[in-house]
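One structure is given here, and the rest of the page talks about it.
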Amino acid sequence: MSDFKFIIDLEEHLKGLFPLKAADNWHIAPEKCPETMDGELTINAFRFARVFGQAPDKLAGVIAEYLNSHEDVEKVDTVKAFINVTIKPAALYRDTVQDIAALLENVKLPAAERKKILIEFSAPNTNKPQHLGHVRNNTIGQATASMLSRVGHNVIPINLVNDRGIHICKSMLAYERFGEGVTPESSGIKGDHLVGNFYVKYASALSEQIKKLRAARPDLADKSDDELFLETEIGAAAQEMLRKWEANDPQVRELWQKMNSWVLKGFDETYRRLGIEFAHTYLESETYLLGKDLIADGLSRGVFSKREDGAVIADLGKLGKKVVLRSDGTSVYITQDIGTTVKKYNDYTPEEQIWVVGDEQNLHFQMLFAILKLLGFEWSDKLSHLAYGMVNLPSGRMKSREGTVVDADDLCDEMANLAYAACKERDNNNADDAELRQRAEIIGLGALKFMLLKFNAKTTIMFDPSASIRFEGDTGPYVQYACARIASIGRKAAERGLDISAEADWSLLASREEKLLALDLSFYPAAVQQAAARRDASGLAEYLLNLAKSFNRFYRECPILAAETPHLACARAQLAERTRQVLVDGLATMTIKVPESM
């Protein structure tokens, strides 16, 4: 619903002229007037003419006649069924930015529309550091949680760490054989990187054994490396370690707990740097046996059936048939997912559950939701998969610890270093190095997040670190720079003895650039609500970029500290400050910080 008084009055006028049915629920949603036309707001009569049973152009005439006599309206121009309205300055600012606290509060949804939403993201493995894919996952997950929270939902961010399985045993076995008691403390290597190094050592040793096996056994030429895994000594040893882990062998479990603690501590450092927070972290070692009882219950109720080999299957129609329990009675991955989903529901009773997982798992989640529906869980209709595409880097631009995957910490370091170089080049105040480093961290990680979020999650993107860090163009630093520029206006005003904190005379701001900036600010609540509803931060990123551009046009055409009168300077400065507050709030909603200066 619009906050413009002339729109509210118009709605009441139309209701009086054309009585509505009780069930009709409508509101006029004005839009920004196209730049090629006169006016600031456009009312499209096509969108609600049918509510009144009127022809759109005829209704437009009725609207124009009413608005021409409204005290807040300066001019009305009708083009077919479109009514373009020019608003008197005092009325425009009264209904947009005069009460900035109210504008920011309007981001919140009505209490009746707010929900408890559980969102699961990240889901790393404890055999190596997080990588570029996790950075996109973490960024999308945290920003989505933040947007949903910003509009008033009760959001529960969840992580499920994969800390068990054959891949974990590979790192453990390599450490046993090649580690010589090294620790993160003794080596000075971050725990997840240290364990990842042993995962690489295992892969190298396995590759060498497979190579020798193939040379000694020509009859194995048609076998894949995966099929030869258990034929190698080191592969069989890893499988035996997994068996011992599942049998609670004390030595294996002690090693597992020690190495997992190193990795989890390393993950926490990465999460803190990226601003990632969870309400709870589930461990797969505690959930991997869940689901078997649910499968047994479903089998007894005829939800599932048994194949001839004894495996339990779910017939999912067009999705196909899915094994939910192996013939030997052991779980498959979807078994534990079924159990974990039910556990999360029982733990938190959310009204909605979201998974942030790559789009290669689309079928898995379709099957998971279908199986939960077959099992009779009414809340299964409130489950969704927020899928995202691949993110790639230009080849040769970033170093990699494993040769094929760029890890998260390397990427963060590179972004901070690029930002540091840019800050040092632009610094005219001889800031000390520690301050520049702190500023660079905010700018670098902000640039990384903004570039990952400005594209729809489903898009496969090419992320160029150097391009993302530019202070001009469609980048995070461009928006951050607008905030920093506005903050500097206040500091310069104080230095010159100008009081820009007095009550503004908004009627002084009559130029097109001033009025359009205020209008752009008024659309902020709708931008955040739409982004949250779509679970897509790209719309909010686009809004913030456009707002920063609108501010820069205003800044270029309407001098603030050099305004003709102190009263005009005050009004323009307060419009700029309100712009900064919205930009900062929007970036914070995307989990991006703003430096004091750039």
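Ordering of the structure tokens sets the chain letters (A, B, ...), residue numbers begin anew at 1 in every chain, and ligands are numbered from 1 in the order given.
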Considering only C-alpha atoms, give me a table of residues in segment 292-350 of chain A that are at most 8 Å from segment 372-392 of chain A, with the closest atom pair and distance in Å for each, as a Markdown table.
| residue | atom | partner | partner_atom | distance |
| --- | --- | --- | --- | --- |
| A:Gly298 | CA | A:Leu375 | CA | 6.3 |
| A:Val303 | CA | A:Leu374 | CA | 6.5 |
| A:Ile338 | CA | A:Leu372 | CA | 7.0 |
Taking the backbone alone, and naming residues the way the document does, which bits of segment 255-309 of chain A are alpha helix (DSSP H) by DSSP, as JSON, numbers by chain? {"A": [255, 256, 257, 258, 259, 260, 261, 262, 263, 264, 265, 266, 267, 268, 269, 270, 271, 272, 273, 274, 284, 285, 286, 287, 292, 293, 294, 295, 296, 297, 298, 299, 300]}
Write out, as a compact mmCIF listing (two decimals), in the first residue's frame, the residues just selected, with N, CA and C atoms.
# COMPACT_ATOMS: atom_id res chain seq x y z
N LEU A 255 41.60 -40.30 16.99
CA LEU A 255 42.22 -39.58 15.88
C LEU A 255 41.18 -38.75 15.14
N TRP A 256 40.01 -39.34 14.90
CA TRP A 256 38.92 -38.65 14.20
C TRP A 256 38.50 -37.39 14.93
N GLN A 257 38.34 -37.49 16.25
CA GLN A 257 37.92 -36.33 17.04
C GLN A 257 38.98 -35.24 17.02
N LYS A 258 40.25 -35.64 17.09
CA LYS A 258 41.33 -34.65 17.09
C LYS A 258 41.39 -33.90 15.76
N MET A 259 41.35 -34.63 14.65
CA MET A 259 41.46 -33.97 13.35
C MET A 259 40.22 -33.17 13.02
N ASN A 260 39.05 -33.69 13.41
CA ASN A 260 37.81 -32.93 13.18
C ASN A 260 37.83 -31.62 13.96
N SER A 261 38.37 -31.65 15.18
CA SER A 261 38.41 -30.42 15.98
C SER A 261 39.29 -29.37 15.31
N TRP A 262 40.38 -29.82 14.67
CA TRP A 262 41.24 -28.88 13.94
C TRP A 262 40.47 -28.22 12.80
N VAL A 263 39.75 -29.06 12.05
CA VAL A 263 39.03 -28.55 10.89
C VAL A 263 37.90 -27.60 11.31
N LEU A 264 37.14 -28.03 12.32
CA LEU A 264 36.01 -27.20 12.75
C LEU A 264 36.47 -25.84 13.28
N LYS A 265 37.63 -25.83 13.96
CA LYS A 265 38.19 -24.56 14.42
C LYS A 265 38.58 -23.70 13.23
N GLY A 266 39.14 -24.32 12.21
CA GLY A 266 39.49 -23.59 10.98
C GLY A 266 38.26 -23.05 10.28
N PHE A 267 37.21 -23.87 10.22
CA PHE A 267 35.95 -23.41 9.62
C PHE A 267 35.41 -22.18 10.35
N ASP A 268 35.49 -22.22 11.69
CA ASP A 268 34.97 -21.09 12.47
C ASP A 268 35.68 -19.79 12.11
N GLU A 269 37.00 -19.87 11.87
CA GLU A 269 37.74 -18.67 11.47
C GLU A 269 37.25 -18.15 10.12
N THR A 270 37.03 -19.07 9.18
CA THR A 270 36.53 -18.67 7.86
C THR A 270 35.14 -18.05 7.98
N TYR A 271 34.28 -18.69 8.77
CA TYR A 271 32.93 -18.17 8.96
C TYR A 271 32.95 -16.77 9.58
N ARG A 272 33.80 -16.58 10.58
CA ARG A 272 33.85 -15.26 11.24
C ARG A 272 34.28 -14.20 10.24
N ARG A 273 35.26 -14.53 9.42
CA ARG A 273 35.75 -13.55 8.46
C ARG A 273 34.67 -13.17 7.45
N LEU A 274 33.87 -14.14 7.04
CA LEU A 274 32.81 -13.89 6.06
C LEU A 274 31.51 -13.42 6.70
N GLU A 284 27.01 -34.80 10.82
CA GLU A 284 26.50 -36.01 10.17
C GLU A 284 26.82 -37.26 10.99
N SER A 285 27.89 -37.21 11.77
CA SER A 285 28.22 -38.35 12.64
C SER A 285 27.13 -38.61 13.67
N GLU A 286 26.31 -37.59 13.92
CA GLU A 286 25.21 -37.74 14.89
C GLU A 286 23.87 -37.98 14.20
N THR A 287 23.83 -37.82 12.88
CA THR A 287 22.54 -37.93 12.18
C THR A 287 22.50 -39.04 11.13
N LYS A 292 16.16 -44.58 9.37
CA LYS A 292 15.90 -46.01 9.15
C LYS A 292 14.56 -46.42 9.76
N ASP A 293 14.25 -45.87 10.93
CA ASP A 293 12.96 -46.19 11.57
C ASP A 293 11.79 -45.65 10.73
N LEU A 294 12.00 -44.48 10.11
CA LEU A 294 10.95 -43.92 9.27
C LEU A 294 10.73 -44.78 8.04
N ILE A 295 11.80 -45.34 7.49
CA ILE A 295 11.68 -46.23 6.34
C ILE A 295 10.94 -47.51 6.74
N ALA A 296 11.29 -48.04 7.91
CA ALA A 296 10.63 -49.27 8.40
C ALA A 296 9.14 -49.03 8.60
N ASP A 297 8.79 -47.87 9.16
CA ASP A 297 7.39 -47.53 9.36
C ASP A 297 6.66 -47.39 8.03
N GLY A 298 7.31 -46.71 7.07
CA GLY A 298 6.71 -46.55 5.75
C GLY A 298 6.52 -47.88 5.04
N LEU A 299 7.47 -48.78 5.21
CA LEU A 299 7.36 -50.11 4.60
C LEU A 299 6.17 -50.87 5.18
N SER A 300 6.00 -50.76 6.49
CA SER A 300 4.89 -51.46 7.14
C SER A 300 3.53 -50.91 6.73
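Proximity of A:Gly490, A:Pro250, A:Gly310, A:Gly152 to Val323 of chain A, computed with only C-alpha atoms, is greatest for A:Gly310.
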Counting only C-alpha atoms, what is within 12 Å of Glu435 of chain A, bar same-chain residues fewer than 3 positions away, as a list in words? Tyr420, Cys423, Lys424, Asp427, Asn429, Asn430, Ala431, Asp432, Gln438, Arg439, Ala440, Glu441, Ile442, Pro595, Glu596, Ser597 and Met598 of chain A
note - atom CA of Gly476 of chain A and atom CA of Ile489 of chain A are separated by 20.5 Å
Non-local contacts of Leu452 of chain A (12 Å; only C-alpha atoms; under 6 positions in same chain excluded) as a ChimeraX atom specification: /A:132-141,143,388-393,445-446,458-465,468,475-476,536-538,541,590,592
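Comparing A:Ala60, A:Leu575, A:Ile119, A:Ala569 by their smallest distance to Arg94 of chain A, the closest is A:Leu575 (using only C-alpha atoms).
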List the neighbours of Asn84 of chain A out to 9 Å using only C-alpha atoms; skip same-chain residues closer than 4 positions along the sequence, and give me the result as a list in words. Cys33, Met37, Asp38, Gly39, Glu40, Leu41, Thr42, Ile43, Asn44, Ala64, Lys75, Val76, Asp77, Thr78 and Val79 of chain A
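Comparing A:Phe121, A:Phe450, A:Tyr478, A:Phe369 by their smallest distance to Trp355 of chain A, the closest is A:Phe121 (using only C-alpha atoms).
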Could you please determine the separation between atom CA of Ile158 of chain A and atom CA of Arg534 of chain A in Å, to one decimal place? 19.8 Å
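Distance check against Cys412 of chain A using only C-alpha atoms: of A:Ala484, A:Leu448, A:Ala533, A:Leu436, the minimum falls on A:Leu448.
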Between A:Leu521, A:Ala467, A:Ala588, A:Ile313, which one has atoms that come closest to Leu103 of chain A, using only C-alpha atoms? A:Leu521
Strand (DSSP E or B) per DSSP on the backbone: members of segment 376-539 of chain A, as number ranges by chain: A: 383-388, 391-392, 407, 461-462
Return the single residue from A:Val342, A:Val51, A:Ile560, A:Val97 that is closest to Gln581 of chain A, with distances computed using only C-alpha atoms. A:Val97
What separates atom CA of Gly317 of chain A and atom CA of Leu160 of chain A is a distance of 29.4 Å
